Amino acid sequence: MPIPSTGPGVDRGLLRDDVHRRLRDAIVDGTFAPGEQLRDLELATWLGVSRTPVREALLRLAHSGLVHTQPGRSTVVTTLDARGVRDARDVVAAMHELAVREAVPALVEADLTAMREANRRFAAAVDAGDVEQALLADDELHGVPVRIAGNRALETVLEQFTPTVRRAERLRFGSLRGRASPTRHEELIRLCAAGDVDGAAAVAYDTWHSLPSDEG
């Protein structure tokens with residue numbers, strides 16, 4: 001058939017990002033277990049894409065510490081070790097502290113309402129032991145200051161290191177430890193509403209930094 005000279009075509013950037021997201025999520029949620037070998041041809045078949053975006057995604061995942069790649073040999077899912085979680089946790093905590101510090105002066109009532117609603121769903125999910133919904137709600141709540149801050153460099157760092165923290169958090173939210181988080185969130189929102197930049201930034205840091213590095 002004739003190929004149209006104009007038309008939308010496939011956005012390669014979106015395809016690459018989608019492949020990366022799906023593989024990252026499969027590692028974080030345990031679909032691919034620690035130590036499991038990942039083969040690009042099998043992954044490409046599973047996702048219905050060529051091997052190129054899969055290989056690109058695996059390289060990005062290696063930079064995030066989610067896989068270990070030996071070029072020309074094998075790619076395996078990394079195990080969760082205390083040092084790796086601690087390092088990622090410290091960086092993520094610092095980035096959220098910065099996001100809140102930059103965002104508080106610009107927050108409006110709609111933003112605070114979104115954070116309160118996310119925390120309500122978060123608390124319900126934790127009580128129900130629903131890890132997936134707890135993490136989604138937690139992402140929404142903390143995503144508000146990140147979005148308002150509008151700091152692209154900060155967002156890039158969070159994108160790289162948050163998945164490691166999330167793997168550990170799956171253990172946290174499935175236990176009683178996670179039940180303290182809704183109260184911490186309430187305090188964060190209260191301080192944001194009061195315009196207390198230093199107080200809100202400190203709570204944001206503590207919320208993320210409270211994750212024990214030996215869980216996992």
# chains A, B, ... in the order shown; residues from 1 in each chain; ligands from 1

call {"tool": "closest_atom_pairs", "arguments": {"of": "stretch 21-105 of chain A", "to": "stretch 130-142 of chain A", "cutoff": "9 Å", "atoms": "only C-alpha atoms", "output": "JSON lines"}}
result
{"residue": "A:Asp29", "atom": "CA", "partner": "A:Glu132", "partner_atom": "CA", "distance": 8.5}
{"residue": "A:His96", "atom": "CA", "partner": "A:His142", "partner_atom": "CA", "distance": 7.7}
{"residue": "A:Val100", "atom": "CA", "partner": "A:His142", "partner_atom": "CA", "distance": 8.8}

call {"tool": "select_by_dssp", "arguments": {"residues": "stretch 53-178 of chain A", "states": "helix (DSSP H, G or I)", "output": "ChimeraX atom specification"}}
result
/A:53-63,82-106,109-128,131-149,152-173,176-178

call {"tool": "select_by_dssp", "arguments": {"residues": "stretch 5-158 of chain A", "states": "strand (DSSP E)", "output": "PDB file with N, CA and C atoms, in the first residue's frame"}}
result
ATOM      1  N   GLN A  37      16.817 -13.479  35.518  1.00  0.00           N
ATOM      2  CA  GLN A  37      17.485 -13.028  34.301  1.00  0.00           C
ATOM      3  C   GLN A  37      16.456 -12.481  33.324  1.00  0.00           C
ATOM      4  N   LEU A  38      16.775 -11.347  32.729  1.00  0.00           N
ATOM      5  CA  LEU A  38      15.888 -10.698  31.762  1.00  0.00           C
ATOM      6  C   LEU A  38      16.518 -10.794  30.379  1.00  0.00           C
ATOM      7  N   VAL A  67      18.538  -3.169  37.755  1.00  0.00           N
ATOM      8  CA  VAL A  67      19.089  -4.360  37.109  1.00  0.00           C
ATOM      9  C   VAL A  67      20.600  -4.223  37.036  1.00  0.00           C
ATOM     10  N   HIS A  68      21.243  -5.361  36.874  1.00  0.00           N
ATOM     11  CA  HIS A  68      22.690  -5.379  36.665  1.00  0.00           C
ATOM     12  C   HIS A  68      22.934  -5.980  35.286  1.00  0.00           C
ATOM     13  N   THR A  69      23.605  -5.215  34.447  1.00  0.00           N
ATOM     14  CA  THR A  69      23.811  -5.643  33.068  1.00  0.00           C
ATOM     15  C   THR A  69      25.287  -5.870  32.775  1.00  0.00           C
ATOM     16  N   GLN A  70      25.565  -7.014  32.154  1.00  0.00           N
ATOM     17  CA  GLN A  70      26.890  -7.299  31.640  1.00  0.00           C
ATOM     18  C   GLN A  70      26.758  -7.359  30.125  1.00  0.00           C
ATOM     19  N   SER A  74      24.501 -11.008  30.218  1.00  0.00           N
ATOM     20  CA  SER A  74      23.197 -11.179  30.838  1.00  0.00           C
ATOM     21  C   SER A  74      22.760  -9.918  31.574  1.00  0.00           C
ATOM     22  N   THR A  75      21.446  -9.821  31.814  1.00  0.00           N
ATOM     23  CA  THR A  75      20.868  -8.759  32.623  1.00  0.00           C
ATOM     24  C   THR A  75      20.010  -9.424  33.685  1.00  0.00           C
ATOM     25  N   VAL A  76      20.260  -9.104  34.940  1.00  0.00           N
ATOM     26  CA  VAL A  76      19.491  -9.710  36.021  1.00  0.00           C
ATOM     27  C   VAL A  76      18.922  -8.617  36.921  1.00  0.00           C
ATOM     28  N   VAL A  77      17.796  -8.919  37.538  1.00  0.00           N
ATOM     29  CA  VAL A  77      17.176  -7.997  38.490  1.00  0.00           C
ATOM     30  C   VAL A  77      18.020  -7.985  39.763  1.00  0.00           C
TER      31      VAL A  77
END

call {"tool": "closest_atom_pairs", "arguments": {"of": "stretch 113-140 of chain A", "to": "stretch 188-206 of chain A", "cutoff": "12 Å", "atoms": "only C-alpha atoms", "output": "JSON lines"}}
result
{"residue": "A:Thr113", "atom": "CA", "partner": "A:Ile189", "partner_atom": "CA", "distance": 9.2}
{"residue": "A:Ala114", "atom": "CA", "partner": "A:Ile189", "partner_atom": "CA", "distance": 10.2}
{"residue": "A:Met115", "atom": "CA", "partner": "A:Ile189", "partner_atom": "CA", "distance": 7.0}
{"residue": "A:Arg116", "atom": "CA", "partner": "A:Ile189", "partner_atom": "CA", "distance": 7.2}
{"residue": "A:Glu117", "atom": "CA", "partner": "A:Ile189", "partner_atom": "CA", "distance": 10.9}
{"residue": "A:Ala118", "atom": "CA", "partner": "A:Ile189", "partner_atom": "CA", "distance": 10.9}
{"residue": "A:Asn119", "atom": "CA", "partner": "A:Ile189", "partner_atom": "CA", "distance": 9.4}
{"residue": "A:Arg120", "atom": "CA", "partner": "A:Ile189", "partner_atom": "CA", "distance": 12.0}

call {"tool": "write_last_selection", "arguments": {"atoms": "C-alpha atoms", "output": "PDB file, in the first residue's frame"}}
result
ATOM      1  CA  THR A 113      -7.454  19.762  48.704  1.00  0.00           C
ATOM      2  CA  ALA A 114      -5.790  17.334  46.285  1.00  0.00           C
ATOM      3  CA  MET A 115      -3.229  16.419  48.946  1.00  0.00           C
ATOM      4  CA  ARG A 116      -5.935  15.862  51.589  1.00  0.00           C
ATOM      5  CA  GLU A 117      -7.975  13.668  49.257  1.00  0.00           C
ATOM      6  CA  ALA A 118      -4.895  11.636  48.335  1.00  0.00           C
ATOM      7  CA  ASN A 119      -4.106  11.139  52.026  1.00  0.00           C
ATOM      8  CA  ARG A 120      -7.667   9.979  52.699  1.00  0.00           C
TER       9      ARG A 120
END

call {"tool": "residues_around", "arguments": {"residues": "A:Ser181", "least_positions_apart": "6", "cutoff": "9 Å", "atoms": "only C-alpha atoms", "output": "ChimeraX atom specification"}}
result
/A:122-123,207

call {"tool": "residues_around", "arguments": {"residues": "A:Arg60", "least_positions_apart": "3", "cutoff": "12 Å", "atoms": "only C-alpha atoms", "output": "mmCIF file with N, CA and C atoms, in the first residue's frame"}}
result
data_model
loop_
_atom_site.group_PDB
_atom_site.id
_atom_site.type_symbol
_atom_site.label_atom_id
_atom_site.label_comp_id
_atom_site.auth_asym_id
_atom_site.auth_seq_id
_atom_site.Cartn_x
_atom_site.Cartn_y
_atom_site.Cartn_z
ATOM 1 N N ARG A 16 9.579 4.517 23.876
ATOM 2 C CA ARG A 16 10.735 4.215 24.724
ATOM 3 C C ARG A 16 10.392 4.414 26.195
ATOM 4 N N ASP A 17 9.707 5.512 26.507
ATOM 5 C CA ASP A 17 9.341 5.792 27.895
ATOM 6 C C ASP A 17 8.329 4.778 28.417
ATOM 7 N N VAL A 19 7.958 1.611 27.442
ATOM 8 C CA VAL A 19 8.654 0.342 27.664
ATOM 9 C C VAL A 19 9.432 0.411 28.980
ATOM 10 N N HIS A 20 10.123 1.510 29.196
ATOM 11 C CA HIS A 20 10.874 1.687 30.443
ATOM 12 C C HIS A 20 9.939 1.638 31.646
ATOM 13 N N ARG A 21 8.818 2.326 31.562
ATOM 14 C CA ARG A 21 7.870 2.374 32.683
ATOM 15 C C ARG A 21 7.336 0.981 32.999
ATOM 16 N N LEU A 23 8.641 -2.010 32.310
ATOM 17 C CA LEU A 23 9.663 -2.892 32.869
ATOM 18 C C LEU A 23 10.016 -2.471 34.297
ATOM 19 N N ARG A 24 10.110 -1.165 34.518
ATOM 20 C CA ARG A 24 10.394 -0.665 35.867
ATOM 21 C C ARG A 24 9.311 -1.106 36.846
ATOM 22 N N PRO A 53 13.989 -0.620 21.873
ATOM 23 C CA PRO A 53 13.527 0.118 23.063
ATOM 24 C C PRO A 53 13.682 -0.690 24.342
ATOM 25 N N VAL A 54 13.643 -2.009 24.256
ATOM 26 C CA VAL A 54 13.851 -2.848 25.437
ATOM 27 C C VAL A 54 15.288 -2.696 25.920
ATOM 28 N N ARG A 55 16.243 -2.752 25.000
ATOM 29 C CA ARG A 55 17.650 -2.601 25.381
ATOM 30 C C ARG A 55 17.903 -1.219 25.980
ATOM 31 N N GLU A 56 17.276 -0.194 25.391
ATOM 32 C CA GLU A 56 17.429 1.161 25.927
ATOM 33 C C GLU A 56 16.849 1.252 27.336
ATOM 34 N N ALA A 57 15.704 0.607 27.529
ATOM 35 C CA ALA A 57 15.064 0.631 28.847
ATOM 36 C C ALA A 57 15.932 -0.084 29.884
ATOM 37 N N HIS A 63 21.084 2.156 35.303
ATOM 38 C CA HIS A 63 21.491 3.407 35.935
ATOM 39 C C HIS A 63 20.720 3.650 37.229
ATOM 40 N N SER A 64 19.480 3.155 37.287
ATOM 41 C CA SER A 64 18.661 3.318 38.493
ATOM 42 C C SER A 64 18.969 2.262 39.540
ATOM 43 N N GLY A 65 19.792 1.276 39.188
ATOM 44 C CA GLY A 65 20.149 0.234 40.133
ATOM 45 C C GLY A 65 19.145 -0.889 40.247
ATOM 46 N N LEU A 66 18.187 -0.949 39.318
ATOM 47 C CA LEU A 66 17.168 -1.996 39.383
ATOM 48 C C LEU A 66 17.607 -3.279 38.691
ATOM 49 N N VAL A 67 18.538 -3.169 37.755
ATOM 50 C CA VAL A 67 19.089 -4.360 37.109
ATOM 51 C C VAL A 67 20.600 -4.223 37.036
ATOM 52 N N HIS A 68 21.243 -5.361 36.874
ATOM 53 C CA HIS A 68 22.690 -5.379 36.665
ATOM 54 C C HIS A 68 22.934 -5.980 35.286
ATOM 55 N N THR A 69 23.605 -5.215 34.447
ATOM 56 C CA THR A 69 23.811 -5.643 33.068
ATOM 57 C C THR A 69 25.287 -5.870 32.775
ATOM 58 N N GLU A 159 12.886 10.434 39.534
ATOM 59 C CA GLU A 159 12.545 9.361 38.596
ATOM 60 C C GLU A 159 13.581 8.242 38.640
ATOM 61 N N GLN A 160 14.833 8.613 38.860
ATOM 62 C CA GLN A 160 15.894 7.618 38.863
ATOM 63 C C GLN A 160 15.924 6.802 40.153
ATOM 64 N N PHE A 161 15.713 7.452 41.306
ATOM 65 C CA PHE A 161 15.946 6.768 42.573
ATOM 66 C C PHE A 161 14.691 6.346 43.332
#

call {"tool": "atom_distance", "arguments": {"atom1": "atom CA of A:Arg51", "atom2": "atom CA of A:Arg73"}}
result
15.5 Å

call {"tool": "residues_around", "arguments": {"residues": "A:Leu80", "least_positions_apart": "4", "cutoff": "12 Å", "atoms": "only C-alpha atoms", "output": "PyMOL selection string"}}
result
chain A and resi 27-28+30+33-35+65-67+84-88+163-171+213-216

call {"tool": "atom_distance", "arguments": {"atom1": "atom CA of A:Val146", "atom2": "atom CA of A:Ala110"}}
result
14.9 Å

call {"tool": "atom_distance", "arguments": {"atom1": "atom CA of A:Thr31", "atom2": "atom CA of A:Ala82"}}
result
21.2 Å

call {"tool": "closest_residue", "arguments": {"among": "A:Ala128, A:Leu158, A:Ala99, A:Leu58", "to": "A:Val144", "atoms": "only C-alpha atoms"}}
result
A:Ala99

call {"tool": "residues_around", "arguments": {"residues": "A:Ala106", "least_positions_apart": "2", "cutoff": "9 Å", "atoms": "only C-alpha atoms", "output": "list in words"}}
result
Glu102, Ala103, Val104, Val108, Ile148 and Ala149 of chain A

call {"tool": "decode", "arguments": {"residues": "stretch 33-69 of chain A", "atoms": "N, CA and C atoms", "output": "short mmCIF file (atom, residue, chain, number, x, y, z; two decimals), in the first residue's frame"}}
result
data_model
loop_
_atom_site.label_atom_id
_atom_site.label_comp_id
_atom_site.auth_asym_id
_atom_site.auth_seq_id
_atom_site.Cartn_x
_atom_site.Cartn_y
_atom_site.Cartn_z
N ALA A 33 11.41 -11.09 39.77
CA ALA A 33 11.98 -11.25 41.11
C ALA A 33 13.47 -10.94 41.13
N PRO A 34 14.00 -10.57 42.29
CA PRO A 34 15.45 -10.36 42.42
C PRO A 34 16.21 -11.60 41.97
N GLY A 35 17.25 -11.37 41.17
CA GLY A 35 18.06 -12.46 40.66
C GLY A 35 17.56 -13.06 39.36
N GLU A 36 16.37 -12.65 38.93
CA GLU A 36 15.81 -13.20 37.69
C GLU A 36 16.52 -12.62 36.48
N GLN A 37 16.82 -13.48 35.52
CA GLN A 37 17.48 -13.03 34.30
C GLN A 37 16.46 -12.48 33.32
N LEU A 38 16.78 -11.35 32.73
CA LEU A 38 15.89 -10.70 31.76
C LEU A 38 16.52 -10.79 30.38
N ARG A 39 15.78 -11.35 29.43
CA ARG A 39 16.27 -11.49 28.06
C ARG A 39 15.50 -10.54 27.16
N ASP A 40 16.24 -9.71 26.42
CA ASP A 40 15.59 -8.66 25.65
C ASP A 40 14.61 -9.20 24.61
N LEU A 41 14.92 -10.34 23.99
CA LEU A 41 14.02 -10.89 22.99
C LEU A 41 12.69 -11.32 23.64
N GLU A 42 12.77 -11.96 24.79
CA GLU A 42 11.55 -12.38 25.49
C GLU A 42 10.74 -11.17 25.96
N LEU A 43 11.43 -10.16 26.43
CA LEU A 43 10.74 -8.95 26.89
C LEU A 43 10.09 -8.22 25.71
N ALA A 44 10.78 -8.18 24.59
CA ALA A 44 10.23 -7.52 23.40
C ALA A 44 8.97 -8.24 22.93
N THR A 45 9.00 -9.56 22.96
CA THR A 45 7.82 -10.34 22.57
C THR A 45 6.66 -10.08 23.52
N TRP A 46 6.97 -10.06 24.81
CA TRP A 46 5.95 -9.80 25.84
C TRP A 46 5.29 -8.44 25.65
N LEU A 47 6.10 -7.43 25.34
CA LEU A 47 5.58 -6.06 25.21
C LEU A 47 5.09 -5.74 23.81
N GLY A 48 5.41 -6.59 22.84
CA GLY A 48 4.98 -6.34 21.47
C GLY A 48 5.74 -5.21 20.80
N VAL A 49 7.04 -5.12 21.11
CA VAL A 49 7.88 -4.07 20.53
C VAL A 49 9.15 -4.71 19.99
N SER A 50 9.99 -3.90 19.37
CA SER A 50 11.28 -4.41 18.89
C SER A 50 12.25 -4.49 20.06
N ARG A 51 13.41 -5.06 19.83
CA ARG A 51 14.38 -5.22 20.91
C ARG A 51 15.07 -3.91 21.26
N THR A 52 15.09 -2.95 20.34
CA THR A 52 15.82 -1.71 20.58
C THR A 52 15.29 -0.93 21.79
N PRO A 53 13.99 -0.62 21.87
CA PRO A 53 13.53 0.12 23.06
C PRO A 53 13.68 -0.69 24.34
N VAL A 54 13.64 -2.01 24.26
CA VAL A 54 13.85 -2.85 25.44
C VAL A 54 15.29 -2.70 25.92
N ARG A 55 16.24 -2.75 25.00
CA ARG A 55 17.65 -2.60 25.38
C ARG A 55 17.90 -1.22 25.98
N GLU A 56 17.28 -0.19 25.39
CA GLU A 56 17.43 1.16 25.93
C GLU A 56 16.85 1.25 27.34
N ALA A 57 15.70 0.61 27.53
CA ALA A 57 15.06 0.63 28.85
C ALA A 57 15.93 -0.08 29.88
N LEU A 58 16.52 -1.20 29.50
CA LEU A 58 17.36 -1.95 30.43
C LEU A 58 18.60 -1.14 30.84
N LEU A 59 19.13 -0.35 29.93
CA LEU A 59 20.26 0.52 30.27
C LEU A 59 19.84 1.57 31.29
N ARG A 60 18.65 2.14 31.11
CA ARG A 60 18.13 3.13 32.05
C ARG A 60 17.89 2.49 33.41
N LEU A 61 17.38 1.27 33.41
CA LEU A 61 17.11 0.57 34.66
C LEU A 61 18.42 0.24 35.38
N ALA A 62 19.47 0.00 34.61
CA ALA A 62 20.77 -0.26 35.21
C ALA A 62 21.29 0.98 35.92
N HIS A 63 21.08 2.16 35.30
CA HIS A 63 21.49 3.41 35.94
C HIS A 63 20.72 3.65 37.23
N SER A 64 19.48 3.15 37.29
CA SER A 64 18.66 3.32 38.49
C SER A 64 18.97 2.26 39.54
N GLY A 65 19.79 1.28 39.19
CA GLY A 65 20.15 0.23 40.13
C GLY A 65 19.14 -0.89 40.25
N LEU A 66 18.19 -0.95 39.32
CA LEU A 66 17.17 -2.00 39.38
C LEU A 66 17.61 -3.28 38.69
N VAL A 67 18.54 -3.17 37.75
CA VAL A 67 19.09 -4.36 37.11
C VAL A 67 20.60 -4.22 37.04
N HIS A 68 21.24 -5.36 36.87
CA HIS A 68 22.69 -5.38 36.66
C HIS A 68 22.93 -5.98 35.29
N THR A 69 23.60 -5.21 34.45
CA THR A 69 23.81 -5.64 33.07
C THR A 69 25.29 -5.87 32.77
#
